[in-house]
$ cat final_23.cif   # mmCIF, C-alpha atoms and all ligand atoms
data_final
loop_
_atom_site.label_atom_id
_atom_site.label_comp_id
_atom_site.auth_asym_id
_atom_site.auth_seq_id
_atom_site.Cartn_x
_atom_site.Cartn_y
_atom_site.Cartn_z
CA MET A 27 145.54 8.69 55.49
CA LYS A 28 143.73 9.53 58.68
CA ASN A 29 140.49 7.59 58.45
CA ILE A 30 142.02 4.42 56.95
CA TYR A 31 142.83 1.73 59.52
CA LYS A 32 145.06 -1.31 59.00
CA ASN A 33 143.81 -4.76 59.92
CA SER A 34 144.97 -5.39 63.51
CA PRO A 35 143.32 -6.72 66.70
CA LYS A 36 143.32 -3.20 68.09
CA ASN A 37 141.59 -1.73 65.05
CA LEU A 38 139.08 -4.59 64.85
CA ASN A 39 138.14 -3.81 68.45
CA LYS A 40 137.77 -0.17 67.56
CA ALA A 41 135.49 -1.15 64.66
CA LYS A 42 133.35 -3.32 66.94
CA LYS A 43 132.98 -0.50 69.45
CA LEU A 44 131.81 1.87 66.73
CA LEU A 45 129.29 -0.67 65.40
CA ARG A 46 127.94 -1.36 68.90
CA LYS A 47 127.28 2.37 69.23
CA ASN A 48 125.32 2.20 65.95
CA ASN A 49 127.93 4.06 63.96
CA ILE A 50 128.60 3.27 60.30
CA ILE A 51 132.04 2.10 59.20
CA VAL A 52 133.50 0.86 55.92
CA VAL A 53 134.67 -2.75 55.60
CA PRO A 54 136.36 -4.73 52.84
CA THR A 55 134.62 -7.78 51.39
CA GLU A 56 135.69 -10.12 48.59
CA THR A 57 133.11 -8.53 46.25
CA VAL A 58 133.37 -4.75 46.84
CA TYR A 59 133.87 -2.44 49.85
CA GLY A 60 130.74 -1.90 51.95
CA LEU A 61 129.15 0.48 54.44
CA ALA A 62 128.51 -1.61 57.53
CA GLY A 63 125.95 -1.01 60.28
CA ASN A 64 124.07 -2.92 62.99
CA ALA A 65 121.21 -4.67 61.16
CA TYR A 66 119.10 -4.73 64.35
CA SER A 67 119.23 -0.97 64.79
CA ASN A 68 116.84 1.42 63.03
CA SER A 69 119.18 4.30 63.66
CA SER A 70 122.13 2.51 62.01
CA ILE A 71 120.04 1.60 58.98
CA LYS A 72 118.76 5.17 58.63
CA LYS A 73 122.35 6.39 58.61
CA ILE A 74 123.27 3.98 55.82
CA TYR A 75 120.39 5.10 53.57
CA LYS A 76 121.18 8.73 54.24
CA LEU A 77 124.91 8.38 53.50
CA LYS A 78 124.26 6.48 50.27
CA LYS A 79 121.27 8.63 49.25
CA ARG A 80 119.69 5.25 48.58
CA PRO A 81 115.96 4.99 47.82
CA LYS A 82 114.23 3.43 50.84
CA ILE A 83 112.58 0.82 48.62
CA ASN A 84 115.98 -0.73 47.82
CA PRO A 85 116.63 -3.30 50.59
CA LEU A 86 120.05 -4.12 52.05
CA ILE A 87 121.93 -7.41 52.24
CA ILE A 88 122.37 -8.73 55.79
CA HIS A 89 125.77 -10.31 56.45
CA TYR A 90 126.29 -13.20 58.84
CA ASN A 91 129.19 -15.26 60.05
CA ASN A 92 127.58 -18.69 59.60
CA ILE A 93 124.38 -20.68 59.21
CA HIS A 94 123.71 -20.82 62.97
CA SER A 95 123.53 -17.08 63.32
CA VAL A 96 120.92 -16.70 60.55
CA LYS A 97 118.43 -19.22 61.99
CA LYS A 98 116.71 -16.73 64.24
CA ASP A 99 116.07 -14.28 61.41
CA ALA A 100 115.02 -16.44 58.43
CA TYR A 101 113.47 -19.78 57.46
CA LEU A 102 116.07 -22.12 55.99
CA ASP A 103 114.92 -24.70 53.48
CA GLU A 104 116.59 -27.56 51.63
CA LYS A 105 117.55 -25.48 48.60
CA PHE A 106 119.28 -23.00 50.86
CA ILE A 107 121.21 -25.70 52.72
CA LYS A 108 122.45 -27.24 49.46
CA LEU A 109 123.65 -23.90 48.09
CA TYR A 110 125.09 -22.83 51.44
CA LYS A 111 127.21 -25.98 51.66
CA LYS A 112 128.62 -25.39 48.20
CA PHE A 113 129.03 -21.61 47.96
CA SER A 114 129.17 -20.06 51.43
CA PRO A 115 131.10 -18.29 52.70
CA GLY A 116 131.35 -16.51 49.37
CA PRO A 117 129.77 -14.13 46.85
CA LEU A 118 126.22 -15.57 46.87
CA THR A 119 123.24 -13.76 48.42
CA TYR A 120 120.05 -15.66 49.28
CA ILE A 121 116.55 -14.18 49.43
CA LEU A 122 114.80 -15.99 52.28
CA LYS A 123 111.52 -15.64 54.15
CA LYS A 124 112.00 -13.46 57.20
CA LYS A 125 110.85 -14.78 60.58
CA LYS A 126 108.14 -12.76 62.32
CA ASN A 127 110.17 -12.44 65.52
CA SER A 128 113.39 -11.50 63.74
CA LYS A 129 115.13 -8.45 65.15
CA ILE A 130 116.30 -7.24 61.72
CA SER A 131 115.22 -3.63 61.29
CA MET A 132 112.23 -3.37 58.95
CA LEU A 133 113.93 -0.43 57.31
CA ALA A 134 116.76 -2.73 56.19
CA ASN A 135 114.50 -4.95 54.08
CA ALA A 136 112.11 -2.25 52.86
CA ASN A 137 109.30 -3.82 54.87
CA LEU A 138 109.25 -6.92 52.62
CA GLU A 139 108.43 -10.40 53.88
CA THR A 140 111.90 -11.53 52.83
CA ILE A 141 115.49 -10.68 53.71
CA ALA A 142 118.67 -10.91 51.65
CA VAL A 143 121.38 -12.90 53.43
CA ARG A 144 125.08 -13.36 52.68
CA PHE A 145 128.08 -14.98 54.34
CA PRO A 146 131.15 -13.05 53.20
CA LYS A 147 134.45 -14.82 52.73
CA ASN A 148 136.83 -11.94 53.40
CA LYS A 149 138.77 -12.73 56.57
CA ILE A 150 138.61 -9.22 58.04
CA VAL A 151 134.84 -8.89 57.87
CA ARG A 152 134.46 -12.47 59.13
CA ASP A 153 136.64 -11.71 62.15
CA LEU A 154 134.52 -8.67 62.78
CA LEU A 155 131.22 -10.58 62.54
CA GLN A 156 132.44 -13.36 64.79
CA ASN A 157 132.40 -11.31 67.95
CA LEU A 158 129.35 -9.16 67.37
CA GLU A 159 125.91 -9.72 68.92
CA PHE A 160 124.16 -8.68 65.71
CA PRO A 161 124.49 -9.21 61.94
CA LEU A 162 125.66 -6.38 59.70
CA ALA A 163 123.76 -4.66 56.92
CA ILE A 164 126.42 -4.00 54.28
CA PRO A 165 125.53 -2.34 50.97
CA SER A 166 128.30 -1.25 48.64
CA ALA A 167 130.16 1.85 49.87
CA ASN A 168 129.16 4.23 47.09
CA ILE A 169 126.53 6.91 46.55
CA SER A 170 123.41 5.23 45.16
CA SER A 171 123.63 4.52 41.40
CA ALA A 172 127.37 5.38 41.25
CA ILE A 173 130.35 3.03 40.76
CA SER A 174 131.08 0.54 43.56
CA PRO A 175 134.44 0.91 45.39
CA VAL A 176 137.09 -1.79 45.21
CA ASN A 177 139.68 -0.19 47.53
CA CYS A 178 139.98 2.44 50.30
CA VAL A 179 140.83 5.28 47.93
CA ASP A 180 137.64 4.63 45.95
CA VAL A 181 135.66 4.93 49.19
CA LEU A 182 137.22 8.34 49.85
CA ASP A 183 136.45 9.29 46.25
CA GLU A 184 132.77 8.54 46.97
CA PHE A 185 132.35 9.95 50.48
CA GLY A 186 135.32 12.19 51.29
CA LYS A 187 135.42 13.13 54.98
CA LYS A 188 131.91 11.84 55.70
CA ILE A 189 133.37 8.43 56.53
CA LYS A 190 135.45 8.35 59.70
CA PHE A 191 136.57 4.74 59.79
CA ILE A 192 137.64 2.49 56.89
CA LEU A 193 139.15 -0.93 57.53
CA ASP A 194 141.82 -1.55 54.92
CA GLY A 195 141.70 -4.94 53.20
CA GLY A 196 143.61 -4.09 50.03
CA THR A 197 141.93 -4.48 46.65
CA ALA A 198 138.70 -6.52 46.53
CA LYS A 199 139.43 -9.97 45.10
CA ILE A 200 136.36 -10.31 42.90
CA GLY A 201 135.49 -6.66 42.23
CA LEU A 202 131.79 -7.23 41.36
CA GLU A 203 128.78 -7.50 43.67
CA SER A 204 127.44 -10.90 44.76
CA THR A 205 125.05 -13.06 42.76
CA VAL A 206 121.54 -12.68 44.24
CA VAL A 207 119.35 -15.79 44.12
CA ASN A 208 115.68 -15.77 45.12
CA LEU A 209 114.65 -18.81 47.17
CA HIS A 210 111.24 -17.59 48.33
CA GLY A 211 108.73 -18.28 45.58
CA LYS A 212 110.22 -18.78 42.13
CA THR A 213 113.87 -19.84 42.29
CA GLN A 214 115.57 -17.29 40.11
CA ILE A 215 118.70 -15.18 39.82
CA LEU A 216 117.84 -11.55 40.55
CA ARG A 217 121.36 -10.23 39.99
CA PRO A 218 124.13 -12.08 38.13
CA GLY A 219 127.55 -12.27 39.76
CA SER A 220 130.67 -14.42 39.87
CA ILE A 221 128.70 -17.52 40.89
CA SER A 222 126.93 -18.39 37.67
CA LYS A 223 123.44 -19.58 36.82
CA LYS A 224 124.99 -22.83 35.63
CA GLN A 225 126.76 -23.47 38.95
CA ILE A 226 123.56 -22.83 40.90
CA SER A 227 121.46 -24.98 38.52
CA GLN A 228 123.92 -27.86 38.93
CA VAL A 229 123.65 -27.85 42.71
CA LEU A 230 119.85 -27.58 42.72
CA LYS A 231 119.57 -30.10 39.85
CA LYS A 232 117.07 -27.76 38.26
CA LYS A 233 117.08 -25.23 35.43
CA ILE A 234 116.82 -21.68 36.65
CA SER A 235 116.56 -18.34 34.88
CA ILE A 236 117.96 -14.87 35.34
CA LEU A 237 115.30 -12.25 36.06
CA LYS A 238 114.86 -10.08 32.96
CA LYS A 239 111.99 -7.75 33.62
CA ILE A 240 112.18 -5.90 36.88
CA ASN A 241 109.28 -6.75 39.13
CA LYS A 242 108.65 -4.08 41.75
CA ILE A 243 107.49 -6.50 44.40
CA THR A 244 110.10 -9.22 44.29
CA SER A 245 113.04 -7.01 43.59
CA PRO A 246 112.44 -3.36 44.24
CA GLY A 247 116.10 -2.55 44.35
CA LEU A 248 117.18 -3.70 40.94
CA LEU A 249 117.07 -0.21 39.57
CA LYS A 250 117.73 0.17 35.88
CA ARG A 251 120.40 2.81 36.18
CA HIS A 252 123.27 1.80 38.39
CA TYR A 253 127.07 1.54 38.48
CA SER A 254 127.11 4.80 36.56
CA PRO A 255 130.26 6.85 35.89
CA GLY A 256 128.02 9.87 35.20
CA ILE A 257 128.91 10.16 31.48
CA PRO A 258 127.37 8.44 28.42
CA VAL A 259 128.42 4.82 27.98
CA LYS A 260 128.01 3.12 24.59
CA LEU A 261 128.22 -0.67 24.36
CA ASN A 262 129.28 -3.14 21.65
CA CYS A 263 131.52 -0.61 19.87
CA LYS A 264 133.81 -1.80 17.08
CA LYS A 265 136.06 1.25 17.27
CA LYS A 266 136.78 4.29 19.37
CA GLU A 267 134.91 7.53 18.71
CA ASP A 268 136.77 10.84 18.82
CA LYS A 269 137.58 11.95 22.41
CA ALA A 270 135.98 8.88 23.95
CA ALA A 271 137.62 6.56 26.46
CA PHE A 272 137.66 3.07 24.95
CA ILE A 273 137.21 0.03 27.21
CA VAL A 274 138.50 -3.10 25.48
CA PHE A 275 139.12 -6.79 26.19
CA GLY A 276 141.65 -9.24 24.78
CA LYS A 277 145.07 -9.35 23.13
CA LYS A 278 144.00 -7.50 19.98
CA TYR A 279 144.17 -4.21 21.87
CA ARG A 280 146.90 -2.22 23.56
CA ASN A 281 146.58 0.13 26.52
CA GLY A 282 147.24 3.87 26.24
CA ASN A 283 145.87 6.81 24.22
CA GLY A 284 142.45 6.56 25.77
CA VAL A 285 142.35 2.77 25.46
CA PHE A 286 141.78 0.79 28.67
CA ASN A 287 142.18 -2.98 28.45
CA LEU A 288 140.25 -4.98 31.08
CA SER A 289 142.34 -8.07 30.36
CA LYS A 290 145.02 -8.41 27.72
CA SER A 291 144.98 -12.19 28.11
CA GLY A 292 141.20 -12.30 27.64
CA ASN A 293 140.56 -13.47 31.21
CA LEU A 294 137.01 -12.64 32.33
CA LYS A 295 137.81 -12.84 36.04
CA GLU A 296 140.56 -10.27 35.60
CA ALA A 297 138.17 -8.09 33.60
CA ALA A 298 135.58 -8.25 36.41
CA ARG A 299 138.22 -7.24 38.94
CA LYS A 300 139.27 -4.26 36.83
CA LEU A 301 135.87 -3.03 35.64
CA TYR A 302 134.96 -0.57 38.42
CA LYS A 303 138.54 0.59 38.83
CA THR A 304 138.63 1.41 35.10
CA LEU A 305 135.26 3.18 35.08
CA ARG A 306 136.33 5.29 38.07
CA LYS A 307 139.68 6.12 36.47
CA ILE A 308 137.96 7.26 33.27
CA LYS A 309 135.48 9.36 35.24
CA ASN A 310 138.32 11.03 37.18
CA LEU A 311 140.29 11.69 33.99
CA LYS A 312 137.24 13.76 32.94
CA TYR A 313 136.46 11.97 29.70
CA LYS A 314 133.10 13.02 28.29
CA LYS A 315 132.02 9.59 27.02
CA ILE A 316 132.90 5.91 27.09
CA ASN A 317 132.89 3.33 24.28
CA VAL A 318 133.02 -0.34 25.22
CA VAL A 319 133.79 -3.31 22.94
CA LYS A 320 131.65 -6.43 23.05
CA ILE A 321 132.54 -8.53 26.12
CA PRO A 322 131.94 -12.33 25.92
CA ASN A 323 128.61 -13.12 27.57
CA SER A 324 129.59 -16.28 29.45
CA LYS A 325 130.53 -17.09 33.06
CA ILE A 326 131.32 -13.88 34.96
CA GLY A 327 131.04 -12.07 31.60
CA ILE A 328 127.26 -12.21 32.13
CA ALA A 329 127.68 -10.18 35.34
CA ILE A 330 130.10 -7.76 33.62
CA ASN A 331 127.57 -7.16 30.84
CA ASP A 332 124.77 -6.72 33.39
CA ARG A 333 126.74 -3.92 35.12
CA LEU A 334 127.78 -2.32 31.82
CA LYS A 335 124.18 -2.30 30.58
CA LYS A 336 123.06 -0.56 33.78
CA ALA A 337 125.97 1.90 33.56
CA ALA A 338 124.84 2.72 30.00
CA TYR A 339 121.17 3.17 30.85
P1 LIG A 401 123.76 -3.77 47.19
O1 LIG A 401 123.49 -3.62 48.64
O2 LIG A 401 124.06 -2.47 46.54
O3 LIG A 401 124.76 -4.86 46.90
O4 LIG A 401 122.39 -4.29 46.54
C1 LIG A 401 121.65 -5.29 47.17
C2 LIG A 401 120.80 -5.99 46.16
O5 LIG A 401 120.05 -7.02 46.78
C3 LIG A 401 119.81 -5.06 45.50
O6 LIG A 401 119.76 -5.34 44.13
C4 LIG A 401 118.49 -5.42 46.18
O7 LIG A 401 117.36 -5.21 45.38
C5 LIG A 401 118.68 -6.90 46.46
N1 LIG A 401 117.84 -7.28 47.61
C6 LIG A 401 118.09 -7.04 48.90
N2 LIG A 401 117.10 -7.51 49.68
C7 LIG A 401 116.19 -8.07 48.85
C8 LIG A 401 114.94 -8.72 49.05
N3 LIG A 401 114.42 -8.91 50.26
N4 LIG A 401 114.29 -9.15 47.94
C9 LIG A 401 114.81 -9.00 46.72
N5 LIG A 401 115.98 -8.39 46.46
C10 LIG A 401 116.66 -7.93 47.52
MG MG A 402 125.36 -1.36 45.37
#
$ encode --input "final_23.cif" --output "structure tokens" --more "lines below"
Ligand code: AMP
Ligand code: MG
Amino acid sequence: MKNIYKNSPKNLNKAKKLLRKNNIIVVPTETVYGLAGNAYSNSSIKKIYKLKKRPKINPLIIHYNNIHSVKKDAYLDEKFIKLYKKFSPGPLTYILKKKKNSKISMLANANLETIAVRFPKNKIVRDLLQNLEFPLAIPSANISSAISPVNCVDVLDEFGKKIKFILDGGTAKIGLESTVVNLHGKTQILRPGSISKKQISQVLKKKISILKKINKITSPGLLKRHYSPGIPVKLNCKKKEDKAAFIVFGKKYRNGNGVFNLSKSGNLKEAARKLYKTLRKIKNLKYKKINVVKIPNSKIGIAINDRLKKAAY
């Protein structure tokens, strides 16, 4: 397809040129595919919000290559350093206090005193970041509140011809958005992801909680309805209703006849990887509703249930 570009030195250069001119491109990451733009440029950030139809109060995650490149934009404390050493590069996003003289566009962090920072692990996006003079704002490459894309075809499903340049990185390894941890003020998980509360607590040697009630000030973007396939989703179902698509988990169930198994072997990581792909497939098959069985609420299952709850809202 025309606007999909293979990973090659030539195409990476093309991507860099586009970003330097404040254009928006799509990049793969280990979590999901993202819309990438120059985080220092107001015009780039405006384009991202417009493309996604994202509410301006929902701030973006700024992606960096390493700890040195983030120093000029945010204050780094001991908790951050400990977590960084253990989990970065990888699917963990840190909320840090923004420096006054940071060049990050105020539109990117919804004018808050903090910024969200991540160091992606995916080799392609790392190669891209390495030779740029600015960090990249990269939200998921979907229309706001819809299902996140895990491959190039999903991106086209979301945006059609509006996106001119997609770097192909195959299927996203993790398939769910990063864990977001707040480090400015109360240490707390704002969004569960593949790095669990337990893992973070162990490194900080401190019990932490997952944010339950959405607080407008600390986390304006954690909107209740999200990851939505656009049809009713019913959770914790014991059996399939008439004409519904049935999302199941574990060896008790078989695929076919409207039944979609996230992992026959009962592997939660596999289920996470397949969740968005399955929701998108069901949406495109024009089912009118979705039933979902109970998914174990441990490890990455907590993040799966978080996304399902928001899809059902
Ligand atoms: P997405 O870009 O779709 O992966 O979503 C980014 C998530 O990070 C949203 O849930 C935002 O609310 C959250 N986020 C980004 N910046 C901040 C910030 N400064 N404070 C709190 N949450 C943030
Ligand atoms: Mg998103």
$ residues_near_ligand --input "final_23.cif" --ligand "ligand MG 402 (chain A)" --cutoff "8 Å" --atoms "only C-alpha atoms and all ligand atoms" --output "list in words"
Pro165, Ser166, Ala167, Asn168, Ser170, Ser171, Ser174, Glu203, His252 and Tyr253 of chain A
$ residues_near_ligand --input "final_23.cif" --ligand "ligand LIG 401 (chain A)" --cutoff "8 Å" --atoms "all atoms listed in the file" --output "PDB file with C-alpha atoms, keeping the file's coordinate frame"
ATOM      1  CA  ASN A  84     115.980  -0.730  47.820  1.00  0.00           C
ATOM      2  CA  PRO A  85     116.630  -3.300  50.590  1.00  0.00           C
ATOM      3  CA  LEU A  86     120.050  -4.120  52.050  1.00  0.00           C
ATOM      4  CA  ILE A  87     121.930  -7.410  52.240  1.00  0.00           C
ATOM      5  CA  THR A 119     123.240 -13.760  48.420  1.00  0.00           C
ATOM      6  CA  ILE A 121     116.550 -14.180  49.430  1.00  0.00           C
ATOM      7  CA  LEU A 122     114.800 -15.990  52.280  1.00  0.00           C
ATOM      8  CA  ASN A 135     114.500  -4.950  54.080  1.00  0.00           C
ATOM      9  CA  ALA A 136     112.110  -2.250  52.860  1.00  0.00           C
ATOM     10  CA  LEU A 138     109.250  -6.920  52.620  1.00  0.00           C
ATOM     11  CA  GLU A 139     108.430 -10.400  53.880  1.00  0.00           C
ATOM     12  CA  THR A 140     111.900 -11.530  52.830  1.00  0.00           C
ATOM     13  CA  ILE A 141     115.490 -10.680  53.710  1.00  0.00           C
ATOM     14  CA  ALA A 142     118.670 -10.910  51.650  1.00  0.00           C
ATOM     15  CA  VAL A 143     121.380 -12.900  53.430  1.00  0.00           C
ATOM     16  CA  ILE A 164     126.420  -4.000  54.280  1.00  0.00           C
ATOM     17  CA  PRO A 165     125.530  -2.340  50.970  1.00  0.00           C
ATOM     18  CA  SER A 166     128.300  -1.250  48.640  1.00  0.00           C
ATOM     19  CA  SER A 170     123.410   5.230  45.160  1.00  0.00           C
ATOM     20  CA  GLU A 203     128.780  -7.500  43.670  1.00  0.00           C
ATOM     21  CA  SER A 204     127.440 -10.900  44.760  1.00  0.00           C
ATOM     22  CA  VAL A 206     121.540 -12.680  44.240  1.00  0.00           C
ATOM     23  CA  ASN A 208     115.680 -15.770  45.120  1.00  0.00           C
ATOM     24  CA  LEU A 216     117.840 -11.550  40.550  1.00  0.00           C
ATOM     25  CA  ARG A 217     121.360 -10.230  39.990  1.00  0.00           C
ATOM     26  CA  THR A 244     110.100  -9.220  44.290  1.00  0.00           C
ATOM     27  CA  SER A 245     113.040  -7.010  43.590  1.00  0.00           C
ATOM     28  CA  PRO A 246     112.440  -3.360  44.240  1.00  0.00           C
ATOM     29  CA  GLY A 247     116.100  -2.550  44.350  1.00  0.00           C
ATOM     30  CA  LEU A 248     117.180  -3.700  40.940  1.00  0.00           C
ATOM     31  CA  LEU A 249     117.070  -0.210  39.570  1.00  0.00           C
TER      32      LEU A 249
END
$ atom_distance --input "final_23.cif" --atom1 "atom CA of A:Asn48" --atom2 "atom CA of A:Asn68"
9.0 Å
$ atom_distance --input "final_23.cif" --atom1 "atom CA of A:Arg144" --atom2 "atom CA of A:Leu288"
27.7 Å
$ atom_distance --input "final_23.cif" --atom1 "atom CA of A:Lys269" --atom2 "atom CA of A:Ser254"
19.0 Å
$ residues_around --input "final_23.cif" --residues "A:Thr304" --least-positions-apart "2" --cutoff "9 Å" --atoms "all atoms listed in the file" --output "PDB file with C-alpha atoms, in the coordinates of the input"
ATOM      1  CA  ILE A 273     137.210   0.030  27.210  1.00  0.00           C
ATOM      2  CA  PHE A 286     141.780   0.790  28.670  1.00  0.00           C
ATOM      3  CA  ASN A 287     142.180  -2.980  28.450  1.00  0.00           C
ATOM      4  CA  LEU A 288     140.250  -4.980  31.080  1.00  0.00           C
ATOM      5  CA  LYS A 300     139.270  -4.260  36.830  1.00  0.00           C
ATOM      6  CA  LEU A 301     135.870  -3.030  35.640  1.00  0.00           C
ATOM      7  CA  TYR A 302     134.960  -0.570  38.420  1.00  0.00           C
ATOM      8  CA  ARG A 306     136.330   5.290  38.070  1.00  0.00           C
ATOM      9  CA  LYS A 307     139.680   6.120  36.470  1.00  0.00           C
ATOM     10  CA  ILE A 308     137.960   7.260  33.270  1.00  0.00           C
ATOM     11  CA  LYS A 309     135.480   9.360  35.240  1.00  0.00           C
TER      12      LYS A 309
END
$ closest_residue --input "final_23.cif" --among "A:Leu38, A:Val53, A:Ile257, A:Leu118" --to "A:Ile226" --atoms "all atoms listed in the file"
A:Leu118
$ closest_residue --input "final_23.cif" --among "A:Phe272, A:Tyr90, A:Phe185, A:Tyr339" --to "A:Arg152" --atoms "all atoms listed in the file"
A:Tyr90
$ residues_around --input "final_23.cif" --residues "stretch 109-111 of chain A" --least-positions-apart "3" --cutoff "8 Å" --atoms "all atoms listed in the file" --output "ChimeraX atom specification"
/A:105-106,114-115,226,229-230
$ write_last_selection --input "final_23.cif" --atoms "C-alpha atoms" --output "PDB file, in the frame of the given file"
ATOM      1  CA  LYS A 105     117.550 -25.480  48.600  1.00  0.00           C
ATOM      2  CA  PHE A 106     119.280 -23.000  50.860  1.00  0.00           C
ATOM      3  CA  SER A 114     129.170 -20.060  51.430  1.00  0.00           C
ATOM      4  CA  PRO A 115     131.100 -18.290  52.700  1.00  0.00           C
ATOM      5  CA  ILE A 226     123.560 -22.830  40.900  1.00  0.00           C
ATOM      6  CA  VAL A 229     123.650 -27.850  42.710  1.00  0.00           C
ATOM      7  CA  LEU A 230     119.850 -27.580  42.720  1.00  0.00           C
TER       8      LEU A 230
END
$ closest_residue --input "final_23.cif" --among "A:Gly284, A:Pro81, A:Pro322, A:Gly219" --to "A:Leu202" --atoms "all atoms listed in the file"
A:Gly219
$ closest_residue --input "final_23.cif" --among "A:Lys312, A:Lys224, A:Lys233, A:Lys149" --to "A:Leu193" --atoms "only C-alpha atoms"
A:Lys149
$ residues_around --input "final_23.cif" --residues "A:Cys178" --least-positions-apart "2" --cutoff "9 Å" --atoms "all atoms listed in the file" --output "ChimeraX atom specification"
/A:30,52,54,59,175-176,180-183,192-197
$ closest_residue --input "final_23.cif" --among "A:Ala271, A:Lys187, A:Leu261, A:Ile328" --to "A:Ile236" --atoms "all atoms listed in the file"
A:Ile328
$ closest_residue --input "final_23.cif" --among "A:Leu334, A:Ile74, A:Val318, A:Ala62" --to "A:Ile169" --atoms "only C-alpha atoms"
A:Ile74
$ residues_around --input "final_23.cif" --residues "stretch 126-130 of chain A" --least-positions-apart "5" --cutoff "8 Å" --atoms "only C-alpha atoms" --output "PyMOL selection string"
chain A and resi 65-67+98-100
$ residues_around --input "final_23.cif" --residues "A:Lys40" --least-positions-apart "6" --cutoff "12 Å" --atoms "all atoms listed in the file" --output "VMD selection string"
chain A and resid 31 to 34 46 to 47 49 51 154 190 to 193
